[in-house]
file my_file.txt (compact mmCIF, C-alpha atoms)
# COMPACT_ATOMS: atom_id res chain seq x y z
CA MET S 28 16.11 -27.94 8.78
CA ASN S 29 14.03 -25.94 11.10
CA PRO S 30 12.76 -28.25 13.79
CA THR S 31 11.85 -25.92 16.60
CA GLU S 32 8.83 -24.10 15.26
CA ARG S 33 6.67 -22.61 17.90
CA PRO S 34 3.38 -20.96 17.16
CA PRO S 35 3.83 -17.27 16.39
CA GLY S 36 1.05 -16.27 18.74
CA ARG S 37 2.21 -13.81 21.31
CA GLY S 38 0.09 -11.80 23.62
CA PRO S 39 -0.56 -8.17 22.80
CA ALA S 40 1.47 -7.18 25.81
CA GLY S 41 4.49 -8.63 23.99
CA GLU S 42 6.32 -10.71 26.55
CA GLU S 43 9.07 -11.12 24.02
CA SER S 44 11.05 -8.32 22.53
CA ALA S 45 11.57 -7.63 18.85
CA MET S 46 12.81 -10.47 16.66
CA LYS S 47 12.09 -13.08 19.24
CA LEU S 48 9.93 -15.31 17.17
CA GLY S 49 10.83 -18.55 18.79
CA LEU S 50 13.05 -19.57 15.91
CA PRO S 51 16.56 -20.94 16.04
CA THR S 52 19.06 -18.22 16.86
CA GLU S 53 20.67 -18.21 13.43
CA ASP S 54 17.24 -17.83 11.82
CA GLU S 55 16.40 -14.95 14.14
CA ARG S 56 19.67 -13.30 13.21
CA LEU S 57 19.01 -13.65 9.49
CA LEU S 58 15.49 -12.26 9.86
CA ALA S 59 16.75 -9.34 11.93
CA GLU S 60 19.16 -8.58 9.11
CA LEU S 61 16.34 -8.85 6.60
CA SER S 62 14.21 -6.52 8.69
CA ALA S 63 16.84 -3.79 8.60
CA LEU S 64 17.40 -4.41 4.90
CA LEU S 65 13.72 -4.02 4.00
CA ASP S 66 13.71 -0.49 5.36
CA LEU S 67 16.85 0.26 3.39
CA ALA S 68 15.97 -1.43 0.11
CA ASP S 69 12.20 -1.13 -0.01
CA PRO S 70 11.11 1.81 2.10
CA MET S 71 7.70 3.33 1.81
CA PRO S 72 8.13 6.39 -0.47
CA ASP S 73 8.73 9.53 1.55
CA ASP S 74 5.80 11.42 0.09
CA LEU S 75 3.24 8.65 0.32
CA THR S 76 1.67 9.75 3.60
CA VAL S 77 1.49 13.31 2.29
CA ARG S 78 -0.21 12.12 -0.87
CA THR S 79 -2.54 9.88 1.13
CA ARG S 80 -3.56 12.72 3.42
CA PHE S 81 -4.24 14.89 0.40
CA ALA S 82 -6.34 12.14 -1.19
CA LEU S 83 -8.39 11.94 1.99
CA GLU S 84 -9.30 15.63 1.99
CA LEU S 85 -12.45 14.88 0.08
CA GLU S 86 -15.80 16.49 0.51
CA GLY S 87 -18.37 13.86 1.18
CA LEU S 88 -17.79 10.22 1.91
CA ASP S 89 -19.93 8.71 -0.80
CA PHE S 90 -17.42 7.83 -3.48
CA GLU S 91 -15.88 4.93 -5.32
CA VAL S 92 -12.12 4.62 -5.62
CA ALA S 93 -10.83 4.18 -9.16
CA THR S 94 -7.76 2.19 -10.13
CA TRP S 95 -4.91 3.72 -12.09
CA LYS S 96 -3.89 1.62 -15.05
CA ARG S 97 -0.17 1.24 -14.79
CA ASP S 98 1.59 0.33 -17.97
CA HIS S 99 3.73 -2.66 -17.19
CA GLU S 100 6.25 -1.59 -19.76
CA LEU S 101 6.79 1.70 -17.98
CA VAL S 102 6.39 1.15 -14.29
CA GLY S 103 9.29 0.05 -12.23
CA VAL S 104 11.73 1.79 -14.48
CA ARG S 105 13.99 4.06 -12.56
CA GLY S 106 14.02 7.74 -13.31
CA THR S 107 10.71 7.68 -15.13
CA THR S 108 9.59 10.93 -16.61
CA ALA S 109 6.08 12.18 -16.04
CA PRO S 110 3.58 10.18 -18.07
CA ASN S 111 1.86 11.81 -21.00
CA THR S 112 -1.20 9.62 -20.88
CA ILE S 113 -2.91 8.46 -17.73
CA THR S 114 -5.86 6.11 -17.47
CA PHE S 115 -8.08 5.01 -14.63
CA THR S 116 -11.03 2.69 -14.37
CA VAL S 117 -13.80 1.82 -11.98
CA GLY S 118 -16.49 -0.68 -12.85
CA ASP S 119 -17.36 -0.13 -16.50
CA LEU S 120 -16.07 3.44 -16.54
CA THR S 121 -12.72 4.21 -18.13
CA VAL S 122 -11.17 7.66 -18.14
CA MET S 123 -8.17 8.51 -20.30
CA VAL S 124 -6.32 11.79 -20.00
CA SER S 125 -3.49 12.98 -22.17
CA LEU S 126 -1.22 15.64 -20.77
CA ALA S 127 0.62 18.30 -22.72
CA PRO S 128 2.88 20.94 -21.18
CA ALA S 129 1.10 24.30 -21.08
CA GLY S 130 2.30 27.34 -19.21
CA ASN S 131 3.67 26.19 -15.88
CA GLY S 132 1.47 23.14 -15.84
CA ASN S 133 -0.33 20.80 -18.18
CA ARG S 134 -3.26 20.88 -20.53
CA PHE S 135 -5.61 17.94 -19.86
CA ASP S 136 -7.46 16.38 -22.77
CA GLY S 137 -9.71 13.67 -21.45
CA TRP S 138 -12.21 11.15 -22.59
CA LEU S 139 -14.71 9.26 -20.48
CA VAL S 140 -16.14 5.95 -21.68
CA PRO S 141 -19.07 5.49 -21.63
CA GLY S 142 -19.54 9.17 -22.42
CA GLY S 143 -21.88 11.68 -20.89
CA PRO S 144 -21.88 15.24 -19.54
CA HIS S 145 -20.11 14.28 -16.34
CA ALA S 146 -18.43 16.81 -14.07
CA ILE S 147 -14.64 16.59 -13.79
CA GLU S 148 -12.69 18.05 -10.92
CA VAL S 149 -8.90 18.06 -10.83
CA ARG S 150 -7.53 18.65 -7.33
CA VAL S 151 -3.92 19.79 -7.06
CA GLN S 152 -2.31 20.23 -3.67
CA GLY S 153 -2.04 23.86 -2.68
CA GLU S 154 -4.07 25.03 -5.69
CA ASP S 155 -7.70 25.74 -6.41
CA SER S 156 -9.51 22.82 -8.02
CA ARG S 157 -9.98 22.97 -11.77
CA THR S 158 -13.42 21.87 -12.89
CA THR S 159 -15.19 21.33 -16.17
CA ASN S 160 -17.94 19.26 -17.72
CA ALA S 161 -17.52 16.64 -20.39
CA ASP S 162 -19.56 16.88 -23.56
CA GLU S 163 -22.17 14.32 -24.50
CA GLY S 164 -19.48 12.20 -26.06
CA GLY S 165 -17.45 12.24 -22.84
CA ARG S 166 -14.71 14.59 -24.03
CA PHE S 167 -13.32 17.26 -21.76
CA ALA S 168 -10.39 19.63 -21.62
CA LEU S 169 -8.72 21.73 -18.94
CA GLU S 170 -6.12 24.37 -19.69
CA ASP S 171 -3.20 25.05 -17.42
CA VAL S 172 -3.58 22.53 -14.65
CA PRO S 173 -0.74 23.18 -12.18
CA LYS S 174 1.80 20.46 -11.57
CA GLY S 175 1.93 18.73 -8.24
CA ILE S 176 0.13 16.10 -6.20
CA THR S 177 -3.01 15.50 -8.22
CA GLN S 178 -6.29 13.72 -7.67
CA ILE S 179 -9.10 13.46 -10.20
CA VAL S 180 -12.73 13.43 -9.08
CA VAL S 181 -15.54 12.56 -11.49
CA HIS S 182 -19.13 13.34 -10.58
CA LEU S 183 -21.14 11.09 -12.84
CA VAL S 184 -24.39 12.54 -14.11
CA GLU S 185 -27.36 10.39 -14.99
CA GLN S 186 -29.40 10.96 -18.10
CA SER S 187 -31.96 12.78 -15.99
CA GLY S 188 -29.21 15.28 -15.24
CA GLN S 189 -28.99 14.24 -11.62
CA ARG S 190 -25.68 13.44 -10.03
CA ALA S 191 -25.23 9.74 -9.54
CA ARG S 192 -21.93 8.33 -8.37
CA THR S 193 -18.70 10.08 -7.49
CA VAL S 194 -15.44 8.47 -8.53
CA VAL S 195 -12.07 9.46 -7.08
CA THR S 196 -8.52 8.39 -7.90
CA PRO S 197 -5.58 7.85 -5.62
CA SER S 198 -3.33 10.90 -5.85
CA ILE S 199 -0.34 10.89 -8.17
CA MET S 200 2.49 13.30 -8.80
CA LEU S 201 2.12 15.06 -12.13
CA MET E 4 -3.82 -5.40 29.26
CA SER E 5 -1.54 -3.56 26.95
CA ASP E 6 0.30 -0.48 28.02
CA GLY E 7 -1.76 1.48 25.53
CA GLU E 8 -4.70 1.43 27.88
CA ALA E 9 -3.64 3.92 30.49
CA SER E 10 -7.07 5.41 30.58
CA ASP E 11 -10.15 5.17 28.46
CA ASP E 12 -10.59 8.89 28.89
CA ALA E 13 -7.15 9.89 27.65
CA PRO E 14 -7.06 11.75 24.31
CA TRP E 15 -5.73 9.76 21.38
CA TRP E 16 -2.42 11.57 21.25
CA GLU E 17 -1.56 10.25 24.70
CA LEU E 18 -2.35 6.65 23.83
CA LYS E 19 -0.51 3.83 22.12
CA ASP E 20 -1.24 0.74 20.10
CA TYR E 21 -4.79 -0.61 20.11
CA ALA E 22 -6.12 2.09 22.34
CA ARG E 23 -4.63 4.82 20.17
CA HIS E 24 -6.04 3.30 16.98
CA ALA E 25 -9.46 2.96 18.55
CA ALA E 26 -9.46 6.50 19.95
CA CYS E 27 -8.27 7.93 16.62
CA LEU E 28 -10.91 6.04 14.70
CA ILE E 29 -13.66 7.21 17.01
CA ALA E 30 -12.38 10.79 16.80
CA ALA E 31 -12.19 10.50 13.00
CA ARG E 32 -15.83 9.41 12.92
CA GLY E 33 -16.59 12.68 14.63
CA GLY E 34 -14.77 14.56 11.87
CA ASP E 35 -11.36 14.93 13.54
CA LYS E 36 -9.02 15.15 10.52
CA GLU E 37 -5.91 15.21 12.70
CA ALA E 38 -6.89 11.89 14.25
CA LEU E 39 -7.30 10.38 10.79
CA ASN E 40 -3.96 11.83 9.73
CA ALA E 41 -2.34 10.34 12.83
CA LEU E 42 -3.60 6.92 11.79
CA VAL E 43 -2.22 7.44 8.29
CA VAL E 44 1.19 8.33 9.68
CA ASP E 45 1.22 5.50 12.22
CA LEU E 46 -0.05 2.68 10.08
CA SER E 47 0.83 3.43 6.44
CA PRO E 48 4.21 1.66 6.72
CA LEU E 49 2.36 -1.46 7.85
CA VAL E 50 -0.05 -1.20 4.90
CA TRP E 51 2.89 -0.60 2.56
CA HIS E 52 4.80 -3.68 3.64
CA VAL E 53 1.70 -5.86 3.49
CA ALA E 54 1.00 -4.58 -0.04
CA ARG E 55 4.58 -5.18 -1.12
CA GLY E 56 4.44 -8.58 0.51
CA GLN E 57 1.60 -9.33 -1.88
CA GLY E 58 4.06 -8.95 -4.71
CA LEU E 59 2.80 -5.61 -6.00
CA GLU E 60 5.19 -3.31 -7.79
CA ARG E 61 6.08 -0.20 -5.88
CA THR E 62 3.90 2.18 -7.93
CA ILE E 63 0.92 -0.14 -7.63
CA ALA E 64 1.55 -0.58 -3.93
CA GLU E 65 1.44 3.22 -3.61
CA ASP E 66 -2.02 3.27 -5.18
CA VAL E 67 -3.16 0.40 -2.99
CA VAL E 68 -2.02 2.14 0.19
CA GLN E 69 -4.09 5.20 -0.72
CA THR E 70 -7.04 3.09 -1.79
CA VAL E 71 -7.05 1.27 1.52
CA TRP E 72 -7.17 4.57 3.41
CA MET E 73 -9.90 5.96 1.18
CA THR E 74 -11.82 2.75 1.75
CA LEU E 75 -11.43 3.30 5.47
CA LEU E 76 -12.67 6.88 5.11
CA ARG E 77 -15.80 5.59 3.43
CA ASN E 78 -16.27 2.96 6.10
CA LEU E 79 -15.33 4.80 9.28
CA ASN E 80 -18.59 3.75 10.85
CA ALA E 81 -18.51 0.24 9.49
CA VAL E 82 -15.33 -0.91 11.22
CA ALA E 83 -16.96 -2.98 13.88
CA GLU E 84 -14.06 -3.14 16.30
CA PRO E 85 -12.08 0.08 16.50
CA ARG E 86 -9.43 -1.68 18.57
CA ALA E 87 -8.87 -4.12 15.71
CA LEU E 88 -8.23 -1.40 13.13
CA ALA E 89 -4.80 -2.76 12.21
CA ARG E 90 -6.34 -6.12 11.48
CA TRP E 91 -8.99 -4.45 9.31
CA LEU E 92 -6.23 -2.65 7.40
CA ILE E 93 -4.22 -5.82 6.87
CA ILE E 94 -7.26 -7.73 5.59
CA THR E 95 -8.37 -4.84 3.37
CA THR E 96 -4.87 -4.46 1.94
CA ARG E 97 -4.61 -8.13 1.06
CA ARG E 98 -8.06 -8.05 -0.52
CA GLU E 99 -7.32 -4.91 -2.51
CA ALA E 100 -3.96 -6.28 -3.67
CA SER E 101 -5.66 -9.42 -4.86
CA ARG E 102 -8.33 -7.37 -6.66
CA VAL E 103 -5.76 -5.14 -8.36
CA ARG E 104 -3.85 -8.15 -9.62
CA GLY E 105 -7.13 -9.36 -11.07
CA GLY E 106 -6.67 -11.85 -13.85
CA ARG E 107 -3.18 -10.64 -14.57
CA ASP E 108 -1.68 -13.42 -12.54
CA ARG E 109 -2.58 -15.71 -9.72
CA ILE E 110 -1.01 -15.65 -6.31
CA GLU E 111 0.01 -19.26 -6.52
CA PRO E 112 1.24 -21.54 -7.78
CA LEU E 113 3.93 -19.63 -9.55
CA ALA E 114 5.79 -21.18 -12.41
CA ASP E 115 9.51 -20.52 -12.45
CA GLU E 116 9.28 -18.44 -15.60
CA THR E 117 6.60 -16.32 -13.95
CA ILE E 118 8.90 -15.69 -11.05
CA GLU E 119 11.67 -14.71 -13.42
CA LYS E 120 9.27 -12.35 -15.18
CA LEU E 121 8.12 -10.82 -11.92
CA ARG E 122 11.69 -10.35 -10.85
CA SER E 123 12.67 -8.59 -14.01
CA GLU E 124 9.58 -6.38 -13.91
CA ASP E 125 9.84 -5.56 -10.29
CA GLY E 126 13.54 -5.01 -10.44
CA LEU E 127 15.52 -4.03 -7.44
CA PRO E 128 14.24 -0.51 -7.18
CA GLU E 129 16.49 0.75 -4.46
CA GLU E 130 19.51 -1.33 -5.18
CA GLU E 131 21.72 1.67 -5.63
CA THR E 132 21.07 2.58 -2.02
CA LEU E 133 22.58 -0.67 -0.84
CA ARG E 134 26.13 0.22 -0.12
CA SER E 135 27.49 -2.88 1.44
CA ASP E 136 28.05 -6.08 -0.49
CA ARG E 137 26.32 -7.98 2.25
CA ASP E 138 23.14 -5.90 1.85
CA ARG E 139 23.19 -6.29 -1.90
CA VAL E 140 23.74 -10.03 -1.78
CA LEU E 141 21.01 -10.56 0.81
CA TRP E 142 18.56 -8.41 -1.15
CA GLN E 143 19.30 -10.31 -4.36
CA ALA E 144 18.85 -13.61 -2.56
CA PHE E 145 15.57 -12.42 -1.04
CA ASN E 146 14.27 -11.35 -4.44
CA ARG E 147 14.99 -14.78 -5.85
CA LEU E 148 12.52 -16.33 -3.41
CA ASN E 149 9.08 -17.10 -4.74
CA ARG E 150 6.31 -14.70 -3.86
CA LYS E 151 4.85 -16.88 -1.15
CA CYS E 152 8.18 -17.04 0.67
CA GLN E 153 8.77 -13.32 0.21
CA GLU E 154 5.41 -12.49 1.72
CA LEU E 155 5.81 -14.94 4.55
CA LEU E 156 9.24 -13.60 5.49
CA ARG E 157 8.13 -9.98 5.16
CA LEU E 158 5.20 -10.60 7.50
CA THR E 159 7.41 -12.56 9.88
CA VAL E 160 9.86 -9.69 9.99
CA LEU E 161 7.09 -7.15 10.60
CA ALA E 162 5.58 -9.30 13.32
CA GLY E 163 8.96 -9.32 15.02
CA ARG E 164 9.16 -5.54 15.19
CA ALA E 165 8.48 -3.85 18.46
CA GLU E 166 6.15 -1.27 16.91
CA TYR E 167 3.90 -3.95 15.46
CA ASP E 168 4.08 -6.25 18.43
CA HIS E 169 0.42 -5.66 19.17
CA VAL E 170 -0.62 -6.80 15.68
CA ALA E 171 1.88 -9.63 15.35
CA GLU E 172 -0.81 -12.26 15.43
CA GLN E 173 -2.79 -10.56 12.71
CA LEU E 174 0.30 -10.35 10.55
CA MET E 175 0.80 -14.06 10.80
CA MET E 176 -2.89 -14.63 10.23
CA PRO E 177 -2.85 -15.65 6.56
CA ARG E 178 -1.75 -19.23 6.99
CA GLY E 179 -2.94 -21.84 9.35
CA SER E 180 0.33 -23.63 9.87
CA ILE E 181 3.16 -21.53 8.59
CA GLY E 182 5.97 -23.00 10.61
CA PRO E 183 7.29 -25.65 8.21
CA THR E 184 6.80 -23.38 5.20
CA ARG E 185 8.66 -20.57 6.90
CA GLY E 186 11.47 -22.95 7.77
CA ARG E 187 11.76 -23.97 4.11
CA CYS E 188 11.74 -20.34 2.99
CA ILE E 189 14.54 -19.46 5.38
CA ASN E 190 16.56 -22.44 4.22
CA THR E 191 15.99 -21.52 0.58
CA LEU E 192 17.14 -17.99 1.35
CA ARG E 193 20.28 -19.44 2.92
CA GLY E 194 20.87 -21.52 -0.19
CA PHE E 195 20.54 -18.49 -2.46
CA LEU E 196 22.83 -16.53 -0.16
CA SER E 197 25.52 -19.15 -0.54
CA GLU E 198 25.11 -19.16 -4.32
CA GLU E 199 25.35 -15.38 -4.40
CA GLY E 200 28.56 -15.69 -2.52
CA GLY E 201 27.36 -14.41 0.82
CA MET E 202 27.76 -16.09 4.14
CA SER E 203 24.45 -17.34 5.47
call {"tool": "encode", "arguments": {"input": "my_file.txt", "output": "structure tokens"}}
result
Amino acid sequence: MNPTERPPGRGPAGEESAMKLGLPTEDERLLAELSALLDLADPMPDDLTVRTRFALELEGLDFEVATWKRDHELVGVRGTTAPNTITFTVGDLTVMVSLAPAGNGNRFDGWLVPGGPHAIEVRVQGEDSRTTNADEGGRFALEDVPKGITQIVVHLVEQSGQRARTVVTPSIML
Amino acid sequence: MSDGEASDDAPWWELKDYARHAACLIAARGGDKEALNALVVDLSPLVWHVARGQGLERTIAEDVVQTVWMTLLRNLNAVAEPRALARWLIITTRREASRVRGGRDRIEPLADETIEKLRSEDGLPEEETLRSDRDRVLWQAFNRLNRKCQELLRLTVLAGRAEYDHVAEQLMMPRGSIGPTRGRCINTLRGFLSEEGGMS
């Protein structure tokens, strides 16, 4: 039983110190333990702020953020190796990229659906961007993309040849 | 008045809490990358825990954290109240988490088998880092809770932290009357703890 609930509202000045939520003492103690445990068992990954800052170093602010398709069979498995196929989507656009080791990095073979001569930019932290254009069918390839924190940017081209939307992914480690 | 409001004229790096967020956001609108980076460093852990509280796997939560910040970058001028940036982030994170889950599953209600499936998929990613039996038992018990309880307790815990004191109310925002539910969640956690052989 937990009879002594008080509203959680506390002023921004914080009259009460940490873990004073107005709960019974034994509940407060358990939650304090849980608080410490969350940082131990489920910490934010060390490199996430670095990857986020890299993802934010975009030129121009007019973009849509794509969603990586994470294969449920593969994610969450400890000690995963680098993926050999990555896929992202936004709206009706799907982009698949298969990776093959080449030199010190990877060869990218990609396919945009629906197809079109869209411009592809692969940003890798600390490296020059690699860019190419897809063919009419949406196929593209990039040799020797360095490994590292990677973000893919797609500049969609309309049939008139004019640039339409820009799509960006969250960064991932490849 | 919070202690983050020493002076409206102070640069963002001398400010705290609301005032710091507001000053950073305003500086970021003017193109100050360092101010934006400071926000990322300060507030990403909050976004992370809110995303994880939504039941997202760690890899998906990583994408969501970045997506939330990129969404902010696109909307620097659209955040109506710079001082309420943390609230904007919390709301945007919950919305994005819900969008990413899409039709894959619903937030609630969760059938028992769904919970079992989520548990086995999500795993206990950092379990090897838990050295003490007590930590391991408590973490296992916590992961047996349904998603709603896990989120509620995560947000409760965050709201109780000194560094998020100024956004505590926003963290508890999702439910109108959470008290009885939270009490049940804590009691369920205690029950699981006993079953796992830990003292509650």
call {"tool": "atom_distance", "arguments": {"input": "my_file.txt", "atom1": "CA of Thr62 in chain E", "atom2": "CA of Pro197 in chain S"}}
result
11.3 Å
call {"tool": "closest_residue", "arguments": {"input": "my_file.txt", "among": "E:Pro183, E:Pro85, E:Gly58, E:Gly200", "to": "chain S", "atoms": "all atoms listed in the file"}}
result
E:Pro183
call {"tool": "residues_near_point", "arguments": {"input": "my_file.txt", "point": "(-20.4, 9.3, -8.6)", "cutoff": "7 Å", "atoms": "all atoms listed in the file", "output": "ChimeraX atom specification"}}
result
/S:90,181-183,190-194
call {"tool": "closest_residue", "arguments": {"input": "my_file.txt", "among": "E:Cys188, E:Leu76, E:Ala100, E:Leu148", "to": "chain S", "atoms": "only C-alpha atoms"}}
result
E:Leu76
call {"tool": "residues_around", "arguments": {"input": "my_file.txt", "residues": "Val122 in chain S", "least_positions_apart": "6", "cutoff": "12 Å", "atoms": "all atoms listed in the file", "output": "VMD selection string"}}
result
chain S and resid 93 to 96 112 to 116 135 to 143 145 147 161 165 to 167 179 to 181 183 194 to 196
call {"tool": "atom_distance", "arguments": {"input": "my_file.txt", "atom1": "CA of Leu57 in chain S", "atom2": "CA of Leu196 in chain E"}}
result
10.8 Å
call {"tool": "closest_residue", "arguments": {"input": "my_file.txt", "among": "E:Ala171, E:Ala13, E:Ala26, E:Val67", "to": "Arg86 in chain E", "atoms": "only C-alpha atoms"}}
result
E:Ala26
call {"tool": "closest_residue", "arguments": {"input": "my_file.txt", "among": "E:Val53, E:Cys27, E:Ala83, E:Leu92", "to": "Thr159 in chain E", "atoms": "all atoms listed in the file"}}
result
E:Val53
call {"tool": "residues_near_point", "arguments": {"input": "my_file.txt", "point": "(-19.9, 11.7, 3.8)", "cutoff": "12 Å", "atoms": "only C-alpha atoms", "output": "PyMOL selection string"}}
result
(chain S and resi 83-90+193) or (chain E and resi 32-34+73+76-80)
call {"tool": "atom_distance", "arguments": {"input": "my_file.txt", "atom1": "CA of His52 in chain E", "atom2": "CA of Glu55 in chain S"}}
result
19.3 Å
call {"tool": "residues_around", "arguments": {"input": "my_file.txt", "residues": "Glu154 in chain S", "least_positions_apart": "3", "cutoff": "12 Å", "atoms": "all atoms listed in the file", "output": "JSON list (two decimals) with C-alpha atoms, in the coordinates of the input"}}
result
[["chain", "number", "residue", "atom", "x", "y", "z"],
["S", 81, "PHE", "CA", -4.24, 14.89, 0.40],
["S", 132, "GLY", "CA", 1.47, 23.14, -15.84],
["S", 149, "VAL", "CA", -8.90, 18.06, -10.83],
["S", 150, "ARG", "CA", -7.53, 18.65, -7.33],
["S", 151, "VAL", "CA", -3.92, 19.79, -7.06],
["S", 157, "ARG", "CA", -9.98, 22.97, -11.77],
["S", 171, "ASP", "CA", -3.20, 25.05, -17.42],
["S", 172, "VAL", "CA", -3.58, 22.53, -14.65],
["S", 173, "PRO", "CA", -0.74, 23.18, -12.18],
["S", 174, "LYS", "CA", 1.80, 20.46, -11.57],
["S", 175, "GLY", "CA", 1.93, 18.73, -8.24],
["S", 176, "ILE", "CA", 0.13, 16.10, -6.20],
["S", 177, "THR", "CA", -3.01, 15.50, -8.22],
["S", 178, "GLN", "CA", -6.29, 13.72, -7.67]]
call {"tool": "closest_residue", "arguments": {"input": "my_file.txt", "among": "S:Glu91, S:Asp69, S:Glu53, S:Asp74", "to": "Glu60 in chain E", "atoms": "only C-alpha atoms"}}
result
S:Asp69
call {"tool": "closest_residue", "arguments": {"input": "my_file.txt", "among": "E:Ala144, E:Ala31, E:Leu18, E:Val160", "to": "Ala59 in chain S", "atoms": "only C-alpha atoms"}}
result
E:Val160
call {"tool": "residues_around", "arguments": {"input": "my_file.txt", "residues": "Pro48 in chain E", "least_positions_apart": "2", "cutoff": "10 Å", "atoms": "all atoms listed in the file", "output": "VMD selection string"}}
result
(chain S and resid 66 70 to 72 75 to 76) or (chain E and resid 43 to 46 50 to 54 68)
